[in-house]
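Enquirer: Below is run23.txt; it holds compact mmCIF, C-alpha atoms.
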```txt
# COMPACT_ATOMS: atom_id res chain seq x y z
CA VAL W 673 2.45 138.49 -75.46
CA ALA W 674 2.52 136.76 -72.07
CA SER W 675 4.64 139.49 -70.51
CA GLU W 676 2.44 142.24 -71.92
CA ARG W 677 -0.58 140.39 -70.69
CA ALA W 678 1.00 140.21 -67.22
CA ARG W 679 1.58 143.97 -67.28
CA GLY W 680 -2.13 144.49 -67.95
CA ASN W 681 -1.95 145.47 -71.60
CA PRO W 682 -5.57 145.27 -72.83
CA PHE W 683 -4.51 144.53 -76.42
CA ALA W 684 -2.33 141.62 -75.28
CA GLY W 685 -5.33 140.19 -73.44
CA LEU W 686 -7.16 139.91 -76.76
CA VAL W 687 -4.50 137.70 -78.35
CA HIS W 688 -5.46 134.05 -78.06
CA SER W 689 -2.59 132.48 -79.99
CA LEU W 690 0.17 133.27 -82.47
CA GLN W 691 1.11 131.10 -85.47
CA LEU W 692 4.49 132.42 -86.58
CA ARG W 693 6.12 129.11 -87.46
CA GLN W 694 6.29 127.57 -90.96
CA ASP W 695 5.76 130.97 -92.56
CA GLN W 696 2.32 131.42 -90.93
CA ARG W 697 1.83 134.99 -89.98
CA CYS W 698 -1.49 134.56 -88.25
CA VAL W 699 -2.85 135.68 -84.95
CA THR W 700 -6.09 134.58 -83.34
CA LEU W 701 -7.99 137.12 -81.31
CA ALA W 702 -10.61 136.34 -78.69
CA LEU W 703 -13.34 138.95 -79.24
CA SER W 704 -16.67 139.27 -77.50
CA ALA W 705 -19.37 141.91 -77.73
CA ASP W 706 -20.68 141.04 -74.26
CA PRO W 707 -18.23 140.35 -71.40
CA GLU W 708 -20.56 137.66 -70.07
CA ASP W 709 -20.57 135.75 -73.37
CA GLU W 710 -17.86 133.33 -74.42
CA PRO W 711 -15.42 135.14 -76.73
CA ALA W 712 -15.27 134.19 -80.41
CA LEU W 713 -11.92 133.26 -81.98
CA VAL W 714 -11.18 135.46 -85.01
CA PRO W 715 -8.07 134.61 -87.10
CA LEU W 716 -6.15 137.52 -88.65
CA ASP W 717 -3.43 137.49 -91.28
CA LEU W 718 -0.56 139.75 -90.25
CA GLY W 719 0.48 140.11 -93.88
CA LEU W 720 -2.77 141.84 -94.79
CA SER W 721 -4.10 145.20 -93.82
CA ALA W 722 -7.02 145.74 -91.49
CA HIS W 723 -9.39 146.37 -94.43
CA ALA W 724 -8.18 143.23 -96.23
CA ASN W 725 -8.71 141.13 -93.11
CA ALA W 726 -12.16 142.65 -92.63
CA ARG W 727 -13.03 141.93 -96.30
CA SER W 728 -11.82 138.31 -95.98
CA LEU W 729 -13.81 137.76 -92.80
CA TYR W 730 -16.89 139.33 -94.35
CA GLN W 731 -16.67 137.08 -97.41
CA GLN W 732 -16.27 134.02 -95.18
CA ALA W 733 -19.27 135.08 -93.08
CA LYS W 734 -21.33 135.68 -96.22
CA ALA W 735 -20.43 132.27 -97.64
CA ALA W 736 -21.26 130.61 -94.31
CA GLN W 737 -24.60 132.41 -94.23
CA ALA W 738 -25.43 131.35 -97.78
CA LYS W 739 -24.46 127.77 -96.94
CA GLU W 740 -26.69 127.90 -93.88
CA LEU W 741 -29.62 129.15 -95.95
CA LYS W 742 -29.10 126.37 -98.52
CA THR W 743 -28.86 123.79 -95.77
CA ARG W 744 -32.08 125.02 -94.18
CA ALA W 745 -33.88 125.01 -97.52
CA ALA W 746 -32.64 121.47 -98.26
CA CYS W 747 -33.77 120.33 -94.81
CA GLU W 748 -37.20 121.87 -95.33
CA ARG W 749 -37.55 120.19 -98.73
CA ALA W 750 -36.46 116.87 -97.24
CA LEU W 751 -38.97 117.23 -94.40
CA GLN W 752 -41.74 118.11 -96.85
CA ALA W 753 -40.87 115.11 -99.02
CA VAL W 754 -40.94 112.81 -95.99
CA GLU W 755 -44.26 114.26 -94.86
CA GLN W 756 -45.75 113.85 -98.35
CA GLN W 757 -44.49 110.27 -98.57
CA ALA W 758 -45.91 109.49 -95.14
CA GLN W 759 -49.23 111.05 -96.14
CA ARG W 760 -49.34 109.03 -99.39
CA THR W 761 -48.58 105.85 -97.46
CA LEU W 762 -51.31 106.66 -94.96
CA ASP W 763 -53.77 107.40 -97.78
CA ARG W 764 -52.95 104.08 -99.48
CA GLN W 765 -53.42 102.21 -96.24
CA GLN W 766 -56.72 103.93 -95.60
CA LEU W 767 -57.85 103.21 -99.17
CA ARG W 768 -56.78 99.58 -98.87
CA SER W 769 -58.64 99.30 -95.57
CA ALA W 770 -61.72 100.87 -97.11
CA LEU W 771 -61.56 98.51 -100.11
CA SER W 772 -61.12 95.48 -97.87
CA GLN W 773 -64.13 96.56 -95.84
CA SER W 774 -66.28 97.30 -98.88
CA ARG W 775 -66.72 93.65 -99.86
CA THR W 776 -65.86 90.12 -98.80
CA PRO W 777 -63.69 88.12 -101.24
CA LEU W 778 -65.64 85.44 -103.06
CA TRP W 779 -64.83 81.78 -102.62
CA PHE W 780 -63.35 81.35 -106.11
CA GLU W 781 -60.92 84.29 -105.91
CA LYS W 782 -58.23 82.02 -104.50
CA PHE W 783 -58.05 80.36 -107.93
CA LEU W 784 -57.18 81.81 -111.32
CA TRP W 785 -60.58 82.80 -112.63
CA PHE W 786 -62.42 84.83 -115.20
CA LEU W 787 -65.93 85.24 -116.57
CA SER W 788 -66.30 84.11 -120.14
CA SER W 789 -67.88 86.21 -122.86
CA GLU W 790 -71.20 84.58 -122.07
CA GLY W 791 -70.91 84.89 -118.29
CA PHE W 792 -69.63 81.42 -117.39
CA LEU W 793 -67.27 81.15 -114.44
CA VAL W 794 -63.94 79.55 -115.40
CA LEU W 795 -61.59 78.40 -112.63
CA ALA W 796 -57.95 77.34 -113.02
CA ALA W 797 -55.58 76.02 -110.38
CA ARG W 798 -52.41 77.89 -109.46
CA ASP W 799 -50.52 74.73 -108.46
CA LEU W 800 -51.01 70.98 -108.04
CA PRO W 801 -52.66 71.11 -104.58
CA GLN W 802 -55.14 73.67 -105.86
CA GLY W 803 -55.85 71.44 -108.85
CA GLN W 804 -56.73 68.55 -106.57
CA LEU W 805 -58.91 70.85 -104.45
CA LEU W 806 -60.63 72.25 -107.53
CA VAL W 807 -61.53 68.84 -108.94
CA ARG W 808 -62.34 67.03 -105.71
CA ARG W 809 -64.47 69.77 -104.17
CA PHE W 810 -65.76 72.10 -106.89
CA LEU W 811 -66.13 69.93 -110.02
CA ARG W 812 -69.86 69.27 -110.43
CA PRO W 813 -71.46 66.66 -112.73
CA ALA W 814 -72.49 69.23 -115.35
CA ASP W 815 -69.12 71.04 -115.39
CA VAL W 816 -66.39 70.60 -117.99
CA TYR W 817 -62.77 69.67 -117.25
CA VAL W 818 -60.19 71.44 -119.47
CA HIS W 819 -56.49 70.66 -119.65
CA ALA W 820 -53.54 70.50 -122.09
CA ASP W 821 -50.65 68.13 -122.66
CA GLN W 822 -48.04 70.87 -122.32
CA PRO W 823 -45.92 70.94 -119.12
CA GLY W 824 -47.17 73.40 -116.55
CA ALA W 825 -50.72 73.48 -117.91
CA PRO W 826 -53.14 74.13 -115.03
CA VAL W 827 -56.24 72.16 -114.19
CA CYS W 828 -59.23 74.16 -115.41
CA VAL W 829 -62.95 73.79 -114.77
CA VAL W 830 -65.79 75.52 -116.61
CA ARG W 831 -68.68 75.88 -114.19
CA ALA W 832 -72.07 75.09 -115.71
CA ARG W 833 -75.07 77.35 -115.21
CA ARG W 834 -78.35 75.50 -114.71
CA GLY W 835 -76.77 72.38 -116.15
CA VAL W 836 -75.55 73.92 -119.42
CA VAL W 837 -72.11 74.91 -120.72
CA SER W 838 -71.29 77.09 -123.71
CA PRO W 839 -68.80 75.93 -126.39
CA LEU W 840 -67.35 79.44 -126.49
CA ALA W 841 -66.64 79.30 -122.74
CA VAL W 842 -64.83 75.98 -123.21
CA GLN W 843 -62.74 77.48 -126.01
CA GLU W 844 -61.81 80.49 -123.89
CA ALA W 845 -60.89 78.20 -121.00
CA GLY W 846 -58.63 76.26 -123.35
CA ALA W 847 -56.88 79.48 -124.32
CA LEU W 848 -56.20 80.21 -120.63
CA VAL W 849 -54.80 76.70 -120.10
CA VAL W 850 -52.44 77.02 -123.07
CA CYS W 851 -51.24 80.49 -122.06
CA ARG W 852 -50.51 79.33 -118.51
CA SER W 853 -48.43 76.36 -119.73
CA SER W 854 -44.87 76.18 -121.01
CA ALA W 855 -46.17 77.05 -124.49
CA TRP W 856 -46.26 80.70 -123.40
CA ALA W 857 -42.49 80.89 -122.81
CA GLY W 858 -41.66 78.69 -125.82
CA LYS W 859 -44.16 80.48 -128.11
CA LEU W 860 -45.56 77.13 -129.20
CA LEU W 861 -48.85 76.67 -130.99
CA CYS W 862 -50.73 73.86 -129.25
CA SER W 863 -54.27 72.80 -128.41
CA ALA W 864 -56.11 72.18 -125.19
CA TRP W 865 -58.73 69.49 -124.71
CA TRP W 866 -61.82 69.01 -122.60
CA ALA W 867 -63.67 66.16 -120.95
CA ALA W 868 -66.92 65.83 -119.04
CA ALA W 869 -66.86 65.76 -115.27
CA GLY W 870 -68.02 62.15 -115.26
CA GLN W 871 -64.82 61.12 -117.04
CA VAL W 872 -62.50 62.53 -114.35
CA SER W 873 -61.40 60.46 -111.38
CA ALA W 874 -58.43 60.41 -109.00
CA GLN W 875 -55.31 58.42 -109.88
CA ASP W 876 -55.10 57.04 -106.35
CA CYS W 877 -58.07 54.85 -107.24
CA PRO W 878 -56.54 52.00 -109.32
CA ASN W 879 -59.90 50.60 -110.43
CA PRO W 880 -62.46 53.41 -110.67
CA PRO W 881 -66.11 52.34 -110.62
CA GLY W 882 -67.43 51.46 -114.09
CA LEU W 883 -63.98 51.21 -115.70
CA GLU W 884 -63.95 48.60 -118.44
CA GLU W 885 -60.84 46.74 -119.58
CA GLU W 886 -61.00 48.00 -123.18
CA GLU W 887 -61.96 51.55 -122.25
CA GLU W 888 -59.66 54.36 -123.36
CA VAL W 889 -57.81 55.85 -120.38
CA HIS W 890 -55.64 59.00 -120.22
CA TYR W 891 -53.67 60.55 -117.38
CA SER W 892 -53.94 64.27 -116.80
CA SER W 893 -52.04 65.94 -113.98
CA SER W 894 -52.99 63.84 -110.94
CA PHE W 895 -56.27 62.60 -112.42
CA LEU W 896 -57.44 59.79 -114.64
CA ILE W 897 -59.57 60.54 -117.71
CA ARG W 898 -61.84 57.75 -118.90
CA GLY W 899 -62.89 57.85 -122.51
CA PRO W 900 -61.80 60.08 -125.37
CA ARG W 901 -60.53 63.60 -124.98
CA HIS W 902 -62.03 66.31 -127.17
CA PHE W 903 -59.35 68.59 -128.57
CA LEU W 904 -59.95 72.25 -129.17
CA PRO W 905 -58.45 74.24 -132.06
CA PRO W 906 -54.99 75.78 -131.44
CA ALA W 907 -55.39 78.76 -129.13
CA PRO W 908 -53.55 82.04 -129.71
CA LEU W 909 -51.08 83.01 -127.01
CA GLU W 910 -53.01 86.08 -125.94
CA LEU W 911 -54.26 87.11 -122.51
CA GLY W 912 -56.38 90.10 -121.60
CA LEU W 913 -57.07 92.08 -118.46
CA ALA W 914 -60.57 93.09 -117.43
CA VAL W 915 -62.13 94.93 -114.52
CA TRP W 916 -65.12 93.28 -112.89
CA PHE W 917 -67.64 95.65 -111.35
CA GLY W 918 -70.03 94.37 -108.71
CA LEU W 919 -73.62 95.59 -108.66
CA ASP W 920 -75.62 96.52 -105.63
CA PRO W 921 -79.09 94.98 -105.22
CA ALA W 922 -80.75 98.13 -106.55
CA SER W 923 -78.80 97.98 -109.81
CA ALA W 924 -78.91 94.19 -110.22
CA ASP W 925 -82.63 94.23 -111.10
CA ARG W 926 -81.95 96.27 -114.23
CA HIS W 927 -79.48 93.65 -115.52
CA ARG W 928 -81.60 90.53 -115.03
CA ALA W 929 -83.08 90.77 -118.51
CA LEU W 930 -79.60 90.78 -120.05
CA ALA W 931 -78.57 87.74 -117.99
CA ALA W 932 -81.72 85.90 -119.04
CA SER W 933 -81.04 86.59 -122.73
CA ARG W 934 -77.55 85.15 -122.36
CA GLU W 935 -78.83 82.00 -120.66
CA ARG W 936 -81.21 81.28 -123.55
CA CYS W 937 -78.18 81.00 -125.87
CA HIS W 938 -76.50 78.19 -123.91
CA ALA W 939 -76.48 74.57 -125.02
CA PRO W 940 -76.78 71.57 -122.67
CA LEU W 941 -73.66 69.51 -122.08
CA GLU W 942 -74.84 66.52 -124.11
CA GLN W 943 -75.11 68.86 -127.13
CA LEU W 944 -71.72 70.45 -126.52
CA GLY W 945 -69.69 67.98 -128.59
CA ARG W 946 -72.01 68.17 -131.58
CA ALA W 947 -72.01 71.96 -131.52
CA MET W 948 -68.22 72.10 -131.27
CA GLN W 949 -67.81 69.73 -134.23
CA ARG W 950 -70.36 71.69 -136.23
CA TYR W 951 -68.54 74.98 -135.74
CA GLY W 952 -65.04 73.54 -136.06
CA LEU W 953 -64.17 73.65 -132.37
CA SER W 954 -63.27 69.93 -132.22
CA SER W 955 -61.83 67.46 -134.68
CA PRO W 956 -64.14 64.71 -135.97
CA SER W 957 -61.67 62.08 -134.73
CA SER W 958 -61.90 63.28 -131.14
CA GLY W 959 -64.39 60.53 -130.34
CA PRO W 960 -67.89 60.49 -128.86
CA THR W 961 -69.24 63.31 -126.76
CA PRO W 962 -69.37 62.57 -123.01
CA SER W 963 -72.59 62.85 -121.08
CA PRO W 964 -72.56 64.06 -117.46
CA SER W 965 -74.94 61.38 -116.24
CA SER W 966 -74.14 58.16 -118.09
CA GLY W 967 -70.50 58.60 -119.11
CA PRO W 968 -69.28 58.42 -122.74
CA THR W 969 -72.01 57.98 -125.31
CA PRO W 970 -71.62 58.16 -129.10
CA SER W 971 -72.84 61.36 -130.70
CA PRO W 972 -74.65 61.24 -134.07
CA ARG W 973 -72.84 62.58 -137.09
```
Kindly transcribe the structure held in the file into structure tokens.
Expert:
Amino acid sequence: VASERARGNPFAGLVHSLQLRQDQRCVTLALSADPEDEPALVPLDLGLSAHANARSLYQQAKAAQAKELKTRAACERALQAVEQQAQRTLDRQQLRSALSQSRTPLWFEKFLWFLSSEGFLVLAARDLPQGQLLVRRFLRPADVYVHADQPGAPVCVVRARRGVVSPLAVQEAGALVVCRSSAWAGKLLCSAWWAAAGQVSAQDCPNPPGLEEEEEVHYSSSFLIRGPRHFLPPAPLELGLAVWFGLDPASADRHRALAASRERCHAPLEQLGRAMQRYGLSSPSSGPTPSPSSGPTPSPR
């Protein structure tokens, strides 16, 4: 091939290489349609005819073309999927930004909270520091302190409205306290209890004001409870999920009548113990009903 190429044989100039060893009867030709372009290397099998080599090369070219089309289609689908994912992410971010701009979070949303069936705000602490913050800063004289003796039970406060608290709100708060305790994982049937705000004081105060020597004292979380605790009936281990819709000022006027009708059904705190005993929400042996102003006072039978 080299000698023929030196003599100027045009066919020898097309031969790029010969593979005649190890029973390989192949020749590689350097072909180019345009003399200025770089020639393409085309392998030929010397054991096949010209038509057989042409058929083999055509099949290879067809398979390569089909593979190229599949690769392009897969690339287009991948690009479309990435673009759709990026668009969904952008839409979620825009929606989240719009939601965050639509309203300012309320002060109690850092706690576990819900609105009772009668519209009372119930707050529960997520951990011990939040429990101390909830009692020290947000427990008012007319509010009710709810807790349970189970490990992990959160500190809970039922916020009074115009100085009154509903027995149903206290019962629902007790259900939340039980479900957030270890009774949920152990599937235990237990009861929560409540006490008036005037009975709750910090444990770091060894001698709280007004504490008598013979007075009944209990320890709850990091707080000291003076006087009897009022136990609620066993709460079912059930939690629900609700969606709270806020009203604009134009729509709030139409709901004031409903809110006023609910407020007329509420009982003052000094009547809470008697109402709970009457309807079976507290055992008769739970002791006297606490008063928010003067501490524990006996309730009439």
Enquirer: Which residue out of W:Gln843, W:Ser853, W:Gln756, W:Ser838 has the minimum interatomic distance to Leu904 (chain W) when all atoms listed in the file are used?
Expert: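 Nearest to Leu904 (chain W): W:Gln843.
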Enquirer: How many Å separate CA of Gly791 (chain W) from CA of Val830 (chain W)?
Expert: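 Result for CA of Gly791 (chain W) versus CA of Val830 (chain W): 10.8 Å, one decimal.
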Enquirer: Taking into account all atoms listed in the file, which residue in the set W:Gly912, W:Arg749, W:Val807, W:Leu793 is nearest to Phe780 (chain W)?
Expert: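 Of the candidates, the smallest distance to Phe780 (chain W) is held by W:Leu793.
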Enquirer: If you measure from CA of Ala867 (chain W) to CA of Lys782 (chain W), what distance in Å do you get, rounded to one decimal?
Expert: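 Interatomic distance, CA of Ala867 (chain W) to CA of Lys782 (chain W): 23.5 Å.
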Enquirer: Please, what distance in Å, to one decimal, runs between CA of Val818 (chain W) and CA of Arg834 (chain W)?
Expert: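 So the two atoms, CA of Val818 (chain W) and CA of Arg834 (chain W), lie 19.2 Å apart.
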Enquirer: Might you pull out every residue within 8 Å of Leu806 (chain W), with all atoms listed in the file counted and same-chain residues fewer than 3 positions away left off, and present them as a list in words?
Expert: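 Neighbouring residues, sequence-local ones excluded: Ala796, Ala797, Gln802, Gly803, Arg809, Phe810, Leu811, Val827 and Val829 of chain W.
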Enquirer: Hey, what's within 7 Å of Arg852 (chain W) if we count all atoms listed in the file and toss same-chain stuff fewer than 4 positions away? As an MDAnalysis selection string, please?
Expert: chainID W and resid 825:826 848 856
Enquirer: With a distance cut-off of 9 Å and all atoms listed in the file, select the neighbouring residues of His890 (chain W), excluding the residue or stretch itself and same-chain residues fewer than 5 positions from it, and output the selection as a list in words.
Expert: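 Residues meeting the cut-off are Phe895, Leu896, Ile897, Arg898, Gly899, Pro900 and Arg901 of chain W.
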Enquirer: Have a look at W:Glu781, W:Glu740, W:Asp815, W:Asp799 and name the one nearest to Arg831 (chain W); count only C-alpha atoms.
Expert: W:Asp815
Enquirer: Nearest residue to Pro715 (chain W) out of W:Ser689, W:Ser873, W:Ala736, W:Ala758, using all atoms listed in the file?
Expert: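 The shortest atom-to-atom distance to Pro715 (chain W) comes from W:Ser689.
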Enquirer: Closest to Ala914 (chain W) among W:Ala874, W:Leu787, W:Ala733, W:Val849, using all atoms listed in the file?
Expert: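 Closest to Ala914 (chain W), using all atoms listed in the file: W:Leu787.
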Enquirer: Within 6 Å of (-56.0, 66.0, -117.3), in the coordinates the file gives, what residues turn up when you count only C-alpha atoms, written out as number ranges by chain?
Expert: W: 819, 891-893, 895
